[in-house]
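Chemist: Got a structure for you, structure11.cif, holding mmCIF, C-alpha atoms and all ligand atoms.
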data_protein
loop_
_atom_site.label_atom_id
_atom_site.label_comp_id
_atom_site.auth_asym_id
_atom_site.auth_seq_id
_atom_site.Cartn_x
_atom_site.Cartn_y
_atom_site.Cartn_z
CA MET D 94 2.64 63.52 -58.72
CA ASN D 95 -0.32 63.13 -56.41
CA THR D 96 -0.23 65.22 -53.24
CA LYS D 97 -0.92 63.52 -49.91
CA GLU D 98 -4.19 65.42 -49.68
CA HIS D 99 -5.31 64.06 -53.07
CA ILE D 100 -4.33 60.52 -52.13
CA ILE D 101 -6.32 60.66 -48.86
CA LYS D 102 -9.37 62.05 -50.66
CA ALA D 103 -9.16 59.35 -53.35
CA ALA D 104 -8.67 56.65 -50.68
CA ARG D 105 -11.84 57.78 -48.89
CA GLU D 106 -13.79 57.51 -52.16
CA PHE D 107 -12.26 54.09 -52.95
CA VAL D 108 -13.01 52.65 -49.52
CA TYR D 109 -16.53 54.08 -49.51
CA ALA D 110 -17.20 52.35 -52.84
CA GLU D 111 -15.70 49.09 -51.54
CA LEU D 112 -17.29 48.97 -48.08
CA GLY D 113 -20.23 51.37 -48.21
CA GLY D 114 -22.82 48.59 -48.34
CA ASP D 115 -21.26 46.13 -45.88
CA SER D 116 -23.33 45.11 -42.86
CA SER D 117 -20.94 42.63 -41.22
CA GLY D 118 -19.20 45.26 -39.06
CA HIS D 119 -16.71 46.32 -41.73
CA ASP D 120 -18.79 49.19 -42.94
CA TRP D 121 -17.55 52.58 -44.07
CA TRP D 122 -18.37 54.24 -40.74
CA HIS D 123 -16.14 51.75 -38.91
CA VAL D 124 -13.29 52.79 -41.22
CA HIS D 125 -14.14 56.46 -40.72
CA ARG D 126 -14.04 56.11 -36.91
CA VAL D 127 -10.80 54.12 -36.97
CA THR D 128 -9.21 56.75 -39.23
CA GLU D 129 -10.28 59.66 -37.00
CA MET D 130 -9.02 57.82 -33.90
CA ALA D 131 -5.72 56.91 -35.57
CA LYS D 132 -5.20 60.58 -36.48
CA THR D 133 -6.04 61.68 -32.93
CA ILE D 134 -3.50 59.28 -31.44
CA ALA D 135 -0.91 59.99 -34.18
CA ARG D 136 -0.94 63.74 -33.51
CA LYS D 137 0.14 63.06 -29.92
CA GLU D 138 3.07 60.90 -31.01
CA ASN D 139 6.08 61.69 -33.13
CA VAL D 140 4.97 59.67 -36.17
CA ASN D 141 4.14 59.83 -39.86
CA VAL D 142 0.46 60.90 -39.72
CA PHE D 143 0.00 60.29 -43.47
CA VAL D 144 0.98 56.61 -43.13
CA CYS D 145 -1.37 56.22 -40.13
CA GLU D 146 -4.27 57.85 -41.93
CA LEU D 147 -3.87 55.95 -45.20
CA ALA D 148 -3.29 52.60 -43.46
CA ALA D 149 -6.41 53.17 -41.33
CA LEU D 150 -8.48 54.03 -44.42
CA LEU D 151 -7.30 50.94 -46.29
CA HIS D 152 -7.10 48.49 -43.36
CA ASP D 153 -10.34 46.60 -44.04
CA VAL D 154 -10.28 46.58 -47.86
CA ALA D 155 -7.92 43.60 -47.72
CA ASP D 156 -9.91 41.67 -45.09
CA GLU D 157 -10.21 38.03 -46.10
CA LYS D 158 -13.90 38.04 -45.14
CA LEU D 159 -14.54 40.49 -47.97
CA ASN D 160 -12.22 38.87 -50.55
CA GLN D 161 -11.62 35.44 -52.07
CA ASP D 162 -8.55 35.16 -49.88
CA GLU D 163 -6.12 37.43 -48.08
CA GLU D 164 -3.67 37.63 -50.99
CA THR D 165 -6.35 38.95 -53.36
CA GLY D 166 -7.27 41.61 -50.81
CA VAL D 167 -3.67 42.69 -50.24
CA ASN D 168 -3.05 42.89 -54.00
CA LYS D 169 -6.11 45.12 -54.35
CA VAL D 170 -4.59 47.59 -51.88
CA LYS D 171 -1.15 47.34 -53.50
CA THR D 172 -2.53 48.04 -56.98
CA TRP D 173 -4.55 50.96 -55.68
CA MET D 174 -1.46 52.53 -54.09
CA ASP D 175 0.61 52.00 -57.29
CA ASP D 176 -2.12 53.60 -59.40
CA HIS D 177 -2.24 56.58 -57.05
CA GLU D 178 1.52 57.03 -56.92
CA VAL D 179 1.91 56.53 -53.20
CA ASP D 180 5.67 56.73 -52.59
CA GLU D 181 7.39 53.35 -52.30
CA VAL D 182 8.49 53.67 -48.69
CA SER D 183 5.02 54.65 -47.44
CA ALA D 184 3.34 51.98 -49.59
CA ALA D 185 5.60 49.22 -48.22
CA HIS D 186 4.99 50.45 -44.67
CA ILE D 187 1.20 50.54 -45.16
CA LEU D 188 1.14 47.02 -46.63
CA GLU D 189 3.16 45.77 -43.68
CA ILE D 190 0.64 47.35 -41.28
CA ILE D 191 -2.38 45.92 -43.11
CA THR D 192 -1.01 42.38 -43.41
CA THR D 193 0.00 42.35 -39.74
CA MET D 194 -3.44 43.59 -38.71
CA SER D 195 -5.24 40.90 -40.65
CA PHE D 196 -3.75 38.21 -38.39
CA LYS D 197 -6.58 38.22 -35.89
CA GLY D 198 -8.50 35.87 -33.68
CA GLY D 199 -7.43 32.30 -33.12
CA THR D 200 -3.89 31.56 -32.08
CA GLN D 201 -2.00 33.45 -34.78
CA LYS D 202 -0.47 36.63 -33.48
CA LYS D 203 2.10 38.81 -35.17
CA GLU D 204 3.80 41.68 -33.39
CA MET D 205 3.28 45.09 -34.98
CA SER D 206 6.75 46.48 -35.60
CA THR D 207 6.27 50.25 -36.08
CA LEU D 208 4.60 52.91 -33.97
CA GLU D 209 2.40 53.89 -36.95
CA GLY D 210 1.13 50.30 -37.09
CA LYS D 211 0.58 50.15 -33.35
CA ILE D 212 -1.53 53.30 -33.55
CA VAL D 213 -3.80 51.95 -36.31
CA GLN D 214 -4.13 48.64 -34.45
CA ASP D 215 -5.11 50.51 -31.27
CA ALA D 216 -7.70 52.56 -33.17
CA ASP D 217 -9.21 49.38 -34.68
CA ARG D 218 -9.31 47.67 -31.28
CA LEU D 219 -10.89 50.69 -29.58
CA ASP D 220 -13.73 50.49 -32.11
CA ALA D 221 -14.48 46.95 -30.89
CA ILE D 222 -15.15 48.04 -27.27
CA GLY D 223 -17.37 50.60 -25.54
CA ALA D 224 -20.85 51.50 -26.79
CA ILE D 225 -19.79 51.21 -30.43
CA GLY D 226 -18.15 47.84 -29.81
CA ILE D 227 -21.36 46.51 -28.24
CA SER D 228 -23.39 47.74 -31.21
CA ARG D 229 -21.00 46.03 -33.62
CA VAL D 230 -21.11 42.70 -31.76
CA MET D 231 -24.90 42.69 -31.82
CA CYS D 232 -24.94 43.56 -35.53
CA TYR D 233 -22.39 40.89 -36.36
CA ALA D 234 -24.26 38.21 -34.39
CA GLY D 235 -27.46 39.15 -36.24
CA PHE D 236 -25.66 39.07 -39.56
CA LYS D 237 -24.47 35.52 -38.75
CA GLY D 238 -27.90 34.46 -37.48
CA ARG D 239 -26.59 33.87 -33.96
CA PRO D 240 -28.51 34.45 -30.70
CA ILE D 241 -27.90 37.38 -28.35
CA HIS D 242 -27.37 35.07 -25.39
CA ASP D 243 -27.77 31.45 -24.34
CA PRO D 244 -27.07 30.76 -20.64
CA ASP D 245 -26.22 27.13 -21.46
CA MET D 246 -23.40 28.09 -23.80
CA LYS D 247 -20.09 28.90 -22.15
CA PRO D 248 -17.39 31.10 -23.73
CA ARG D 249 -14.84 29.15 -25.73
CA GLU D 250 -11.17 29.66 -24.88
CA ASN D 251 -7.93 29.16 -26.83
CA LEU D 252 -9.59 28.78 -30.17
CA THR D 253 -8.01 28.04 -33.52
CA LEU D 254 -8.89 30.55 -36.22
CA GLU D 255 -11.36 28.06 -37.74
CA GLU D 256 -13.11 27.45 -34.45
CA TYR D 257 -13.19 31.20 -33.84
CA ARG D 258 -14.94 31.79 -37.16
CA SER D 259 -17.27 28.79 -36.79
CA GLY D 260 -20.96 29.06 -36.09
CA LYS D 261 -21.43 28.17 -32.44
CA ASP D 262 -21.28 31.49 -30.70
CA THR D 263 -23.50 34.11 -29.17
CA ALA D 264 -23.06 37.86 -29.00
CA ILE D 265 -22.51 37.72 -25.24
CA MET D 266 -19.93 34.90 -25.55
CA HIS D 267 -17.94 37.14 -27.86
CA PHE D 268 -17.46 39.63 -25.03
CA TYR D 269 -15.43 36.99 -23.18
CA GLU D 270 -13.71 35.63 -26.27
CA LYS D 271 -12.49 39.00 -27.48
CA LEU D 272 -13.91 42.29 -26.22
CA LEU D 273 -12.93 42.04 -22.55
CA LYS D 274 -9.38 41.07 -23.54
CA LEU D 275 -8.75 44.09 -25.73
CA LYS D 276 -8.01 46.63 -22.99
CA SER D 277 -4.78 44.87 -22.05
CA THR D 278 -3.59 44.68 -25.68
CA MET D 279 -3.44 48.45 -26.32
CA ASN D 280 -0.02 49.69 -27.45
CA THR D 281 -0.06 53.45 -26.91
CA HIS D 282 -0.60 55.49 -23.77
CA THR D 283 -3.52 57.40 -25.34
CA ALA D 284 -5.32 54.18 -26.33
CA LYS D 285 -4.71 52.61 -22.92
CA GLU D 286 -6.38 55.62 -21.29
CA LEU D 287 -9.36 55.56 -23.66
CA ALA D 288 -9.73 51.80 -23.25
CA VAL D 289 -10.29 52.10 -19.49
CA GLY D 290 -13.62 53.93 -19.86
CA ARG D 291 -14.77 51.79 -22.77
CA HIS D 292 -13.90 48.58 -20.91
CA GLN D 293 -15.75 49.77 -17.81
CA PHE D 294 -18.77 50.41 -20.03
CA LEU D 295 -18.65 46.75 -21.19
CA GLU D 296 -18.60 45.56 -17.56
CA THR D 297 -21.51 47.82 -16.61
CA TYR D 298 -23.45 46.66 -19.66
CA LEU D 299 -22.97 42.97 -18.81
CA GLU D 300 -24.02 43.54 -15.21
CA GLN D 301 -27.24 45.25 -16.31
CA PHE D 302 -27.78 42.62 -19.04
CA TYR D 303 -27.67 39.67 -16.61
CA ALA D 304 -29.86 41.49 -14.08
CA GLU D 305 -32.49 42.07 -16.75
CA TRP D 306 -32.09 38.49 -18.03
CA ASP D 307 -32.85 37.17 -14.55
CA ALA D 308 -35.78 39.58 -14.16
CA LYS D 309 -33.99 41.32 -11.29
CA LYS D 310 -34.09 44.86 -12.65
P1 LIG O 401 -11.90 44.06 -36.95
O1 LIG O 401 -11.78 43.87 -38.44
O2 LIG O 401 -12.62 45.33 -36.60
O3 LIG O 401 -10.61 43.99 -36.23
P2 LIG O 401 -13.39 41.52 -36.82
O4 LIG O 401 -13.31 41.35 -38.28
O5 LIG O 401 -12.86 40.39 -35.99
O6 LIG O 401 -12.71 42.86 -36.30
O7 LIG O 401 -14.88 41.78 -36.39
C1 LIG O 401 -15.66 42.86 -36.82
C2 LIG O 401 -16.67 43.22 -35.72
O8 LIG O 401 -17.53 42.11 -35.49
C3 LIG O 401 -16.00 43.53 -34.37
O9 LIG O 401 -16.69 44.56 -33.72
C4 LIG O 401 -16.11 42.23 -33.61
O10 LIG O 401 -16.17 42.40 -32.21
C5 LIG O 401 -17.39 41.65 -34.16
N1 LIG O 401 -17.30 40.19 -34.16
C6 LIG O 401 -16.32 39.42 -34.69
N2 LIG O 401 -16.54 38.10 -34.45
C7 LIG O 401 -17.71 38.05 -33.76
C8 LIG O 401 -18.51 37.00 -33.20
N3 LIG O 401 -18.14 35.73 -33.31
N4 LIG O 401 -19.66 37.33 -32.56
C9 LIG O 401 -20.04 38.62 -32.45
N5 LIG O 401 -19.35 39.65 -32.94
C10 LIG O 401 -18.20 39.39 -33.58
NI NI O 402 -11.37 47.09 -38.66
#
Mind converting the file's structure to structure tokens?
Ligand code: ADP
Ligand code: NI
Modeler:
Amino acid sequence: MNTKEHIIKAAREFVYAELGGDSSGHDWWHVHRVTEMAKTIARKENVNVFVCELAALLHDVADEKLNQDEETGVNKVKTWMDDHEVDEVSAAHILEIITTMSFKGGTQKKEMSTLEGKIVQDADRLDAIGAIGISRVMCYAGFKGRPIHDPDMKPRENLTLEEYRSGKDTAIMHFYEKLLKLKSTMNTHTAKELAVGRHQFLETYLEQFYAEWDAKK
């Protein structure tokens, strides 16, 4: 029987091997930050910290951007948990969290049903705002070959998932399409509080950005 400590250690090694070299914003350090944040929030709530930590560690392994399709990614996580003797109840809970989290962007939205899931979702969303969030948007836009900003391009609203993933986008447009909306989607009190400062940082950044763009500062 694997202890929880062993499972977490093995999961870190597995995820590092899977995502260590990614440069699309799903890198190992993103997972590390999300895991630390999920643990921080989890300790303040009456929840299963092991489920939060393992779900956070595994949350991006199944991402469809890194796999043939979502099902292949989810099966990879399922097989890994079977091989490492994660108990059935925790494994089912973690799979539920990961599949719910992978419904993102576009119009598809699925409500997270457990507090453990809400915590991991909050931690992932917090990593998309603030100074880190800005760094990730710029990296992602570069990875996709998209410009930083184009004053003639206006943010696109109410997108389908395909439109959301399509090419016509700039890093700055993504602030309006996603980043600035995240503050109001936080589930837990702790994440709501942390989101306020990170959101304010986005606003300040944009203000400075446009001033510099217009040669005013
Ligand atoms: P996550 O898996 O962290 O929930 P995504 O897979 O949607 O989020 O995106 C990974 C990172 O890339 C995030 O920081 C996100 O803001 C950024 N990103 C996603 N789509 C775009 C885009 N069209 N332009 C710029 N950045 C993007
Ligand atoms: Ni993520």
Chemist: Which one is closest to ligand LIG 401 (chain O): D:Leu219, D:Val230, D:Ala135, D:Ile191? Count all atoms listed in the file.
Modeler: D:Val230
Chemist: First collect every listed atom of range 293-308 of chain D; then fit an axis-aligned box around them, widen it by 6 Å on each side, and give centre and edge lengths in Å to one decimal, as AutoDock Vina command-line options.
Modeler:
--center_x -25.8 --center_y 43.8 --center_z -17.6 --size_x 32.0 --size_y 25.2 --size_z 19.1
Chemist: Kindly work out which residues sit at most 12 Å from ligand NI 402 (chain O), using only C-alpha atoms and all ligand atoms, and give the list as a VMD selection string.
Modeler: chain D and resid 112 117 to 128 130 to 131 148 to 159 191 194 to 197 213 to 221 226 229
Chemist: Taking all atoms listed in the file into account, which of D:Ile212, D:Glu296, D:Ala304, D:Glu286 comes nearest Asn139 in chain D?
Modeler: D:Ile212
Chemist: For a test of reading the model, state the distance in Å between CA of Arg105 in chain D and CA of Lys171 in chain D, rounded to one decimal.
Modeler: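 Interatomic distance here is 15.6 Å.
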Chemist: Of the residues D:Thr297, D:Thr281, D:Thr193, D:Thr207, which is the one nearest to ligand LIG 401 (chain O), using only C-alpha atoms and all ligand atoms?
Modeler: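 Result for the nearest residue to ligand LIG 401 (chain O): D:Thr193.
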Chemist: I'd like the contact shell of Glu189 in chain D - 9 Å cut-off, all atoms listed in the file, skipping same-chain residues fewer than 3 positions apart - returned as a short mmCIF file (atom, residue, chain, number, x, y, z; two decimals) with C-alpha atoms, in the coordinates of the input.
Modeler:
data_model
loop_
_atom_site.label_atom_id
_atom_site.label_comp_id
_atom_site.auth_asym_id
_atom_site.auth_seq_id
_atom_site.Cartn_x
_atom_site.Cartn_y
_atom_site.Cartn_z
CA ALA D 184 3.34 51.98 -49.59
CA ALA D 185 5.60 49.22 -48.22
CA HIS D 186 4.99 50.45 -44.67
CA THR D 192 -1.01 42.38 -43.41
CA THR D 193 0.00 42.35 -39.74
CA MET D 194 -3.44 43.59 -38.71
CA MET D 205 3.28 45.09 -34.98
CA SER D 206 6.75 46.48 -35.60
CA GLY D 210 1.13 50.30 -37.09
#
Chemist: Which residue is closest to ligand LIG 401 (chain O)? Choose from D:Lys211, D:Arg239, D:Lys274, D:Lys247 and count all atoms listed in the file.
Modeler: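 For ligand LIG 401 (chain O), the nearest of the candidates is D:Arg239.
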Chemist: One decimal, Å: what's the distance from CA of Phe302 in chain D over to atom C10 of ligand LIG 401 (chain O), could you say?
Modeler: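 Computing the Euclidean distance for CA of Phe302 in chain D and atom C10 of ligand LIG 401 (chain O) yields 17.7 Å.
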Chemist: For CA of Cys232 in chain D and atom O7 of ligand LIG 401 (chain O), quote the distance in Å rounded to one decimal.
Modeler: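 Separating CA of Cys232 in chain D from atom O7 of ligand LIG 401 (chain O) is a distance of 10.3 Å.
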Chemist: For ligand LIG 401 (chain O), which of D:Ala308, D:Met231, D:Ala288, D:Met279 is the closest residue, counting only C-alpha atoms and all ligand atoms?
Modeler: D:Met231
Chemist: Which residue, D:Glu209, D:Glu164, D:Asp262, D:Glu106, has the smallest gap to ligand LIG 401 (chain O) when you use all atoms listed in the file?
Modeler: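 Going through D:Glu209, D:Glu164, D:Asp262, D:Glu106 one by one, the smallest distance to ligand LIG 401 (chain O) is for D:Asp262.
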Chemist: What would the list of residues within 12 Å of (-31.6, 30.9, -22.2) (file frame) look like as a ChimeraX atom specification, if only C-alpha atoms are what count?
Modeler: /D:240-247,263,265,303,306-307
Chemist: Could the residues in this selection be written to a file with C-alpha atoms, as a short mmCIF file (atom, residue, chain, number, x, y, z; two decimals), in the frame of the given file?
Modeler:
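The new file selection.cif reads:
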data_model
loop_
_atom_site.label_atom_id
_atom_site.label_comp_id
_atom_site.auth_asym_id
_atom_site.auth_seq_id
_atom_site.Cartn_x
_atom_site.Cartn_y
_atom_site.Cartn_z
CA PRO D 240 -28.51 34.45 -30.70
CA ILE D 241 -27.90 37.38 -28.35
CA HIS D 242 -27.37 35.07 -25.39
CA ASP D 243 -27.77 31.45 -24.34
CA PRO D 244 -27.07 30.76 -20.64
CA ASP D 245 -26.22 27.13 -21.46
CA MET D 246 -23.40 28.09 -23.80
CA LYS D 247 -20.09 28.90 -22.15
CA THR D 263 -23.50 34.11 -29.17
CA ILE D 265 -22.51 37.72 -25.24
CA TYR D 303 -27.67 39.67 -16.61
CA TRP D 306 -32.09 38.49 -18.03
CA ASP D 307 -32.85 37.17 -14.55
#
